[in-house]
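File shown: final-v5.tsv (TSV, N, CA and C atoms and all ligand atoms).
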chain	number	residue	atom	x	y	z
H	621	MET	N	31.92	-23.55	-57.49
H	621	MET	CA	30.63	-23.82	-56.85
H	621	MET	C	30.69	-25.15	-56.10
H	622	ALA	N	30.03	-25.22	-54.97
H	622	ALA	CA	30.02	-26.45	-54.18
H	622	ALA	C	29.12	-27.49	-54.86
H	623	THR	N	29.70	-28.65	-55.12
H	623	THR	CA	28.96	-29.65	-55.91
H	623	THR	C	28.53	-30.85	-55.06
H	624	VAL	N	27.34	-31.33	-55.37
H	624	VAL	CA	26.75	-32.44	-54.60
H	624	VAL	C	26.23	-33.51	-55.56
H	625	MET	N	26.38	-34.77	-55.15
H	625	MET	CA	25.77	-35.88	-55.87
H	625	MET	C	24.76	-36.55	-54.94
H	626	ILE	N	23.58	-36.85	-55.47
H	626	ILE	CA	22.50	-37.41	-54.66
H	626	ILE	C	22.30	-38.88	-55.02
H	627	VAL	N	22.33	-39.74	-54.01
H	627	VAL	CA	22.11	-41.17	-54.25
H	627	VAL	C	20.93	-41.64	-53.41
H	628	ASP	N	19.86	-42.02	-54.08
H	628	ASP	CA	18.64	-42.48	-53.38
H	628	ASP	C	17.81	-43.26	-54.38
H	629	ASP	N	17.20	-44.35	-53.94
H	629	ASP	CA	16.39	-45.13	-54.88
H	629	ASP	C	15.02	-44.50	-55.11
H	630	SER	N	14.63	-43.55	-54.28
H	630	SER	CA	13.35	-42.88	-54.48
H	630	SER	C	13.54	-41.63	-55.34
H	631	ARG	N	12.85	-41.65	-56.48
H	631	ARG	CA	12.95	-40.52	-57.41
H	631	ARG	C	12.42	-39.24	-56.75
H	632	THR	N	11.35	-39.40	-55.97
H	632	THR	CA	10.76	-38.27	-55.27
H	632	THR	C	11.76	-37.65	-54.30
H	633	MET	N	12.47	-38.51	-53.58
H	633	MET	CA	13.47	-38.04	-52.63
H	633	MET	C	14.61	-37.32	-53.35
H	634	ARG	N	15.04	-37.88	-54.48
H	634	ARG	CA	16.13	-37.25	-55.24
H	634	ARG	C	15.70	-35.86	-55.71
H	635	LYS	N	14.46	-35.78	-56.19
H	635	LYS	CA	13.95	-34.50	-56.68
H	635	LYS	C	13.88	-33.47	-55.56
H	636	MET	N	13.40	-33.92	-54.39
H	636	MET	CA	13.25	-33.01	-53.26
H	636	MET	C	14.61	-32.49	-52.79
H	637	LEU	N	15.57	-33.43	-52.67
H	637	LEU	CA	16.90	-33.03	-52.24
H	637	LEU	C	17.55	-32.09	-53.26
H	638	ALA	N	17.43	-32.44	-54.52
H	638	ALA	CA	18.03	-31.62	-55.57
H	638	ALA	C	17.43	-30.23	-55.58
H	639	GLY	N	16.11	-30.16	-55.42
H	639	GLY	CA	15.43	-28.87	-55.41
H	639	GLY	C	15.91	-27.99	-54.27
H	640	ALA	N	16.00	-28.57	-53.09
H	640	ALA	CA	16.43	-27.81	-51.91
H	640	ALA	C	17.87	-27.34	-52.06
H	641	LEU	N	18.73	-28.22	-52.55
H	641	LEU	CA	20.15	-27.89	-52.66
H	641	LEU	C	20.39	-26.82	-53.73
H	642	LYS	N	19.72	-26.97	-54.87
H	642	LYS	CA	19.87	-25.98	-55.95
H	642	LYS	C	19.39	-24.61	-55.48
H	643	GLN	N	18.24	-24.63	-54.82
H	643	GLN	CA	17.66	-23.39	-54.30
H	643	GLN	C	18.64	-22.67	-53.38
H	644	ALA	N	19.39	-23.46	-52.60
H	644	ALA	CA	20.33	-22.88	-51.64
H	644	ALA	C	21.63	-22.44	-52.30
H	645	GLY	N	21.86	-22.86	-53.54
H	645	GLY	CA	23.06	-22.42	-54.23
H	645	GLY	C	24.10	-23.50	-54.49
H	646	TYR	N	23.74	-24.74	-54.22
H	646	TYR	CA	24.65	-25.84	-54.54
H	646	TYR	C	24.42	-26.29	-55.97
H	647	GLU	N	25.46	-26.87	-56.55
H	647	GLU	CA	25.31	-27.44	-57.88
H	647	GLU	C	25.17	-28.96	-57.75
H	648	VAL	N	24.07	-29.49	-58.25
H	648	VAL	CA	23.87	-30.95	-58.21
H	648	VAL	C	24.49	-31.52	-59.48
H	649	VAL	N	25.59	-32.26	-59.32
H	649	VAL	CA	26.34	-32.72	-60.48
H	649	VAL	C	26.02	-34.15	-60.87
H	650	GLY	N	25.11	-34.77	-60.16
H	650	GLY	CA	24.73	-36.12	-60.55
H	650	GLY	C	23.76	-36.71	-59.56
H	651	ASP	N	22.96	-37.66	-60.03
H	651	ASP	CA	22.15	-38.42	-59.10
H	651	ASP	C	22.09	-39.87	-59.55
H	652	ALA	N	21.94	-40.75	-58.58
H	652	ALA	CA	21.96	-42.18	-58.87
H	652	ALA	C	20.92	-42.88	-58.00
H	653	GLY	N	20.41	-44.02	-58.49
H	653	GLY	CA	19.34	-44.72	-57.82
H	653	GLY	C	19.79	-45.86	-56.92
H	654	ASN	N	21.09	-46.17	-56.97
H	654	ASN	CA	21.63	-47.19	-56.06
H	654	ASN	C	23.16	-47.05	-56.03
H	655	GLY	N	23.79	-47.83	-55.16
H	655	GLY	CA	25.22	-47.71	-54.96
H	655	GLY	C	26.04	-48.03	-56.20
H	656	GLU	N	25.56	-49.01	-56.95
H	656	GLU	CA	26.31	-49.40	-58.15
H	656	GLU	C	26.32	-48.27	-59.18
H	657	GLU	N	25.16	-47.68	-59.38
H	657	GLU	CA	25.07	-46.53	-60.30
H	657	GLU	C	25.95	-45.39	-59.81
H	658	ALA	N	25.96	-45.19	-58.50
H	658	ALA	CA	26.75	-44.10	-57.92
H	658	ALA	C	28.24	-44.31	-58.20
H	659	LEU	N	28.71	-45.53	-58.00
H	659	LEU	CA	30.14	-45.82	-58.22
H	659	LEU	C	30.50	-45.63	-59.68
H	660	LYS	N	29.60	-46.02	-60.56
H	660	LYS	CA	29.84	-45.84	-61.99
H	660	LYS	C	29.95	-44.35	-62.31
H	661	LEU	N	29.03	-43.59	-61.73
H	661	LEU	CA	29.00	-42.15	-61.98
H	661	LEU	C	30.26	-41.46	-61.44
H	662	LEU	N	30.79	-42.00	-60.36
H	662	LEU	CA	31.98	-41.39	-59.74
H	662	LEU	C	33.24	-41.55	-60.59
H	663	GLU	N	33.15	-42.37	-61.65
H	663	GLU	CA	34.28	-42.48	-62.57
H	663	GLU	C	34.41	-41.22	-63.41
H	664	SER	N	33.29	-40.51	-63.57
H	664	SER	CA	33.34	-39.32	-64.43
H	664	SER	C	33.00	-38.02	-63.70
H	665	VAL	N	32.48	-38.11	-62.48
H	665	VAL	CA	32.08	-36.92	-61.73
H	665	VAL	C	32.80	-36.92	-60.40
H	666	LYS	N	33.24	-35.73	-59.96
H	666	LYS	CA	33.89	-35.68	-58.66
H	666	LYS	C	33.20	-34.66	-57.76
H	667	PRO	N	32.11	-35.06	-57.11
H	667	PRO	CA	31.37	-34.11	-56.28
H	667	PRO	C	32.11	-33.79	-54.98
H	668	ASP	N	31.89	-32.60	-54.47
H	668	ASP	CA	32.48	-32.25	-53.17
H	668	ASP	C	31.82	-33.07	-52.06
H	669	LEU	N	30.54	-33.38	-52.27
H	669	LEU	CA	29.77	-34.08	-51.24
H	669	LEU	C	28.78	-35.05	-51.88
H	670	ILE	N	28.59	-36.19	-51.22
H	670	ILE	CA	27.58	-37.15	-51.67
H	670	ILE	C	26.55	-37.33	-50.56
H	671	THR	N	25.24	-37.25	-50.90
H	671	THR	CA	24.22	-37.68	-49.95
H	671	THR	C	23.85	-39.10	-50.33
H	672	LEU	N	23.93	-40.00	-49.35
H	672	LEU	CA	23.84	-41.43	-49.65
H	672	LEU	C	22.74	-42.09	-48.81
H	673	ASP	N	21.70	-42.51	-49.49
H	673	ASP	CA	20.59	-43.22	-48.84
H	673	ASP	C	21.11	-44.58	-48.35
H	674	ILE	N	20.60	-45.05	-47.22
H	674	ILE	CA	21.06	-46.35	-46.70
H	674	ILE	C	20.34	-47.50	-47.39
H	675	THR	N	19.01	-47.43	-47.44
H	675	THR	CA	18.25	-48.56	-48.00
H	675	THR	C	17.99	-48.36	-49.49
H	676	MET	N	18.66	-49.17	-50.30
H	676	MET	CA	18.49	-49.12	-51.76
H	676	MET	C	18.67	-50.53	-52.31
H	677	PRO	N	18.03	-50.83	-53.44
H	677	PRO	CA	18.24	-52.14	-54.08
H	677	PRO	C	19.60	-52.18	-54.77
H	678	VAL	N	19.97	-53.35	-55.24
H	678	VAL	CA	21.21	-53.61	-56.01
H	678	VAL	C	22.45	-53.45	-55.14
H	679	MET	N	22.73	-52.23	-54.70
H	679	MET	CA	23.81	-52.01	-53.74
H	679	MET	C	23.38	-50.94	-52.75
H	680	ASP	N	23.30	-51.32	-51.49
H	680	ASP	CA	22.79	-50.36	-50.49
H	680	ASP	C	23.85	-49.33	-50.10
H	681	GLY	N	23.44	-48.39	-49.27
H	681	GLY	CA	24.31	-47.28	-48.92
H	681	GLY	C	25.51	-47.68	-48.08
H	682	MET	N	25.37	-48.71	-47.26
H	682	MET	CA	26.49	-49.14	-46.42
H	682	MET	C	27.62	-49.70	-47.29
H	683	THR	N	27.26	-50.58	-48.22
H	683	THR	CA	28.26	-51.15	-49.12
H	683	THR	C	28.87	-50.06	-50.00
H	684	ALA	N	27.99	-49.20	-50.51
H	684	ALA	CA	28.46	-48.12	-51.37
H	684	ALA	C	29.44	-47.22	-50.61
H	685	LEU	N	29.12	-46.92	-49.35
H	685	LEU	CA	30.00	-46.06	-48.55
H	685	LEU	C	31.40	-46.68	-48.42
H	686	GLU	N	31.43	-47.97	-48.13
H	686	GLU	CA	32.73	-48.64	-48.01
H	686	GLU	C	33.54	-48.51	-49.29
H	687	LYS	N	32.89	-48.73	-50.42
H	687	LYS	CA	33.59	-48.69	-51.70
H	687	LYS	C	34.00	-47.26	-52.06
H	688	ILE	N	33.14	-46.31	-51.74
H	688	ILE	CA	33.45	-44.91	-52.03
H	688	ILE	C	34.67	-44.48	-51.21
H	689	LYS	N	34.70	-44.85	-49.93
H	689	LYS	CA	35.82	-44.45	-49.07
H	689	LYS	C	37.11	-45.19	-49.43
H	690	GLU	N	36.96	-46.42	-49.95
H	690	GLU	CA	38.15	-47.15	-50.43
H	690	GLU	C	38.78	-46.41	-51.60
H	691	ARG	N	37.93	-45.96	-52.51
H	691	ARG	CA	38.40	-45.24	-53.70
H	691	ARG	C	39.03	-43.91	-53.33
H	692	ASP	N	38.35	-43.21	-52.43
H	692	ASP	CA	38.80	-41.86	-52.07
H	692	ASP	C	38.44	-41.59	-50.61
H	693	PRO	N	39.40	-41.83	-49.71
H	693	PRO	CA	39.14	-41.65	-48.28
H	693	PRO	C	38.72	-40.22	-47.91
H	694	SER	N	39.03	-39.25	-48.78
H	694	SER	CA	38.69	-37.87	-48.45
H	694	SER	C	37.29	-37.47	-48.95
H	695	GLN	N	36.62	-38.37	-49.65
H	695	GLN	CA	35.28	-38.03	-50.16
H	695	GLN	C	34.33	-37.75	-49.01
H	696	LYS	N	33.68	-36.59	-49.06
H	696	LYS	CA	32.69	-36.23	-48.03
H	696	LYS	C	31.37	-36.92	-48.35
H	697	VAL	N	30.82	-37.59	-47.33
H	697	VAL	CA	29.55	-38.30	-47.51
H	697	VAL	C	28.63	-38.02	-46.32
H	698	ILE	N	27.36	-37.74	-46.60
H	698	ILE	CA	26.32	-37.65	-45.58
H	698	ILE	C	25.33	-38.78	-45.84
H	699	MET	N	25.00	-39.54	-44.82
H	699	MET	CA	24.03	-40.63	-44.99
H	699	MET	C	22.60	-40.10	-44.87
H	700	VAL	N	21.70	-40.72	-45.60
H	700	VAL	CA	20.27	-40.44	-45.46
H	700	VAL	C	19.63	-41.71	-44.90
H	701	SER	N	19.10	-41.59	-43.70
H	701	SER	CA	18.60	-42.79	-43.01
H	701	SER	C	17.11	-42.68	-42.76
H	702	ALA	N	16.52	-43.82	-42.41
H	702	ALA	CA	15.12	-43.84	-41.99
H	702	ALA	C	15.10	-44.08	-40.49
H	703	ALA	N	13.92	-43.89	-39.88
H	703	ALA	CA	13.78	-44.17	-38.45
H	703	ALA	C	14.15	-45.63	-38.20
H	704	GLY	N	14.78	-45.90	-37.07
H	704	GLY	CA	15.10	-47.28	-36.72
H	704	GLY	C	16.40	-47.78	-37.32
H	705	GLN	N	17.18	-46.88	-37.93
H	705	GLN	CA	18.44	-47.32	-38.54
H	705	GLN	C	19.65	-46.80	-37.77
H	706	LYS	N	19.45	-46.60	-36.48
H	706	LYS	CA	20.51	-46.00	-35.67
H	706	LYS	C	21.82	-46.80	-35.72
H	707	ASP	N	21.70	-48.13	-35.65
H	707	ASP	CA	22.90	-48.97	-35.69
H	707	ASP	C	23.67	-48.79	-37.00
H	708	LYS	N	22.90	-48.72	-38.09
H	708	LYS	CA	23.55	-48.54	-39.39
H	708	LYS	C	24.20	-47.17	-39.48
H	709	VAL	N	23.52	-46.16	-38.93
H	709	VAL	CA	24.08	-44.81	-38.96
H	709	VAL	C	25.40	-44.79	-38.19
H	710	ILE	N	25.41	-45.41	-37.02
H	710	ILE	CA	26.64	-45.45	-36.22
H	710	ILE	C	27.75	-46.18	-37.00
H	711	GLY	N	27.37	-47.28	-37.65
H	711	GLY	CA	28.33	-48.02	-38.49
H	711	GLY	C	28.88	-47.15	-39.60
H	712	ALA	N	27.99	-46.39	-40.23
H	712	ALA	CA	28.40	-45.53	-41.34
H	712	ALA	C	29.35	-44.43	-40.86
H	713	LEU	N	29.07	-43.88	-39.69
H	713	LEU	CA	29.94	-42.83	-39.15
H	713	LEU	C	31.32	-43.40	-38.86
H	714	LYS	N	31.36	-44.67	-38.44
H	714	LYS	CA	32.66	-45.33	-38.18
H	714	LYS	C	33.44	-45.53	-39.47
H	715	ILE	N	32.71	-45.85	-40.54
H	715	ILE	CA	33.38	-46.06	-41.84
H	715	ILE	C	33.86	-44.73	-42.42
H	716	GLY	N	33.25	-43.64	-41.99
H	716	GLY	CA	33.75	-42.36	-42.48
H	716	GLY	C	32.72	-41.39	-42.99
H	717	ALA	N	31.43	-41.74	-42.87
H	717	ALA	CA	30.41	-40.75	-43.19
H	717	ALA	C	30.52	-39.62	-42.17
H	718	LEU	N	30.27	-38.38	-42.62
H	718	LEU	CA	30.51	-37.23	-41.75
H	718	LEU	C	29.31	-36.85	-40.91
H	719	ASP	N	28.12	-37.22	-41.40
H	719	ASP	CA	26.90	-36.84	-40.69
H	719	ASP	C	25.75	-37.63	-41.30
H	720	PHE	N	24.54	-37.39	-40.82
H	720	PHE	CA	23.39	-38.07	-41.40
H	720	PHE	C	22.16	-37.19	-41.32
H	721	ILE	N	21.24	-37.47	-42.22
H	721	ILE	CA	19.94	-36.82	-42.23
H	721	ILE	C	18.92	-37.93	-42.05
H	722	GLN	N	18.01	-37.75	-41.11
H	722	GLN	CA	17.00	-38.81	-40.91
H	722	GLN	C	15.68	-38.44	-41.57
H	723	LYS	N	15.15	-39.38	-42.35
H	723	LYS	CA	13.85	-39.19	-42.98
H	723	LYS	C	12.73	-39.44	-41.97
H	724	PRO	N	11.60	-38.79	-42.02
H	724	PRO	CA	11.31	-37.68	-42.94
H	724	PRO	C	11.99	-36.40	-42.46
H	725	PHE	N	12.45	-35.59	-43.41
H	725	PHE	CA	13.13	-34.36	-43.01
H	725	PHE	C	12.54	-33.17	-43.74
H	726	ASP	N	12.84	-31.99	-43.24
H	726	ASP	CA	12.42	-30.79	-43.95
H	726	ASP	C	13.64	-30.14	-44.59
H	727	GLU	N	13.40	-29.23	-45.49
H	727	GLU	CA	14.50	-28.61	-46.24
H	727	GLU	C	15.49	-27.91	-45.32
H	728	LYS	N	14.97	-27.28	-44.27
H	728	LYS	CA	15.83	-26.52	-43.36
H	728	LYS	C	16.88	-27.44	-42.73
H	729	THR	N	16.42	-28.60	-42.26
H	729	THR	CA	17.33	-29.55	-41.63
H	729	THR	C	18.38	-30.05	-42.62
H	730	VAL	N	17.93	-30.34	-43.83
H	730	VAL	CA	18.85	-30.81	-44.88
H	730	VAL	C	19.93	-29.76	-45.12
H	731	LEU	N	19.49	-28.52	-45.31
H	731	LEU	CA	20.45	-27.47	-45.65
H	731	LEU	C	21.39	-27.16	-44.49
H	732	GLU	N	20.88	-27.22	-43.27
H	732	GLU	CA	21.74	-27.01	-42.11
H	732	GLU	C	22.85	-28.06	-42.07
H	733	THR	N	22.47	-29.31	-42.29
H	733	THR	CA	23.44	-30.41	-42.23
H	733	THR	C	24.44	-30.29	-43.38
H	734	VAL	N	23.93	-30.09	-44.58
H	734	VAL	CA	24.82	-29.99	-45.75
H	734	VAL	C	25.77	-28.81	-45.58
H	735	ASN	N	25.24	-27.69	-45.11
H	735	ASN	CA	26.05	-26.49	-44.98
H	735	ASN	C	27.14	-26.62	-43.91
H	736	ARG	N	26.86	-27.44	-42.89
H	736	ARG	CA	27.86	-27.67	-41.86
H	736	ARG	C	29.05	-28.44	-42.44
H	737	ILE	N	28.76	-29.40	-43.31
H	737	ILE	CA	29.80	-30.25	-43.90
H	737	ILE	C	30.46	-29.57	-45.11
H	738	LEU	N	29.64	-28.87	-45.87
H	738	LEU	CA	30.13	-28.23	-47.09
H	738	LEU	C	29.60	-26.80	-47.14
H	739	PRO	N	30.31	-25.88	-46.48
H	739	PRO	CA	29.84	-24.49	-46.45
H	739	PRO	C	29.86	-23.89	-47.85
H	740	LEU	N	28.91	-23.04	-48.12
H	740	LEU	CA	28.85	-22.36	-49.43
H	740	LEU	C	29.83	-21.21	-49.48
K	801	MG	MG	15.79	-45.87	-50.00

Please rewrite the model in this file as structure tokens.
Ligand SMILES: [Mg+2]
Amino acid sequence: MATVMIVDDSRTMRKMLAGALKQAGYEVVGDAGNGEEALKLLESVKPDLITLDITMPVMDGMTALEKIKERDPSQKVIMVSAAGQKDKVIGALKIGALDFIQKPFDEKTVLETVNRILPL
């Protein structure tokens, strides 16, 4: 089964993403509220794909992305951005993120993007 890990400081956002992904047939193997938690979780979980929020406390998505790609350059990551974060999104794509989802989003857009990167 295609596995996904969700990283976002908003519990509501994590729930929404997890709900949409599970409904579509993905297995959500972990969720984390910031980059530091995500890196810790990656010691025991190996998701096919990570959705990574950019703005988070403790360790933001940009720093987390760098560390994730250092650990495993082949790790698939999609960034979750807010309006006005175009520069960060471009930076993230340069570091190795494969795509991005811009908030606010609907389930259809999320699933289209996830499915393009990680087909079921
Ligand atoms: Mg956030």

* Would you mind writing down, as a PyMOL selection string, each residue of range 658-714 of chain H that DSSP on the backbone assigns to helix (DSSP H, G or I)? => chain H and resi 658-661+681-691+706-714

* Minimum-distance residue to ligand MG 801 (chain K), chosen among H:Pro677, H:Pro667, H:Gly655, H:Gly704 (using only N, CA and C atoms and all ligand atoms) -> H:Pro677

* Give as a list in words the residues surrounding ligand MG 801 (chain K) up to a distance of 6.5 Å, considering all atoms listed in the file. =>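 With all atoms listed in the file and a cut-off of 6.5 Å, ligand MG 801 (chain K) is contacted by Asp628, Asp629, Ser630, Asp673, Ile674, Thr675, Met676 and Pro677 of chain H.
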
* To do: Have a look at atom C of Ala644 in chain H and atom N of Ser701 in chain H and let me know their distance in Å, one decimal.
  =>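 Separation between atom C of Ala644 in chain H and atom N of Ser701 in chain H: 21.1 Å.
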
* To do: May I ask which of the residues H:Lys728, H:Lys723, H:Lys660, H:Lys714 is the closest one to Ala702 in chain H, counting all atoms listed in the file?
  => H:Lys723
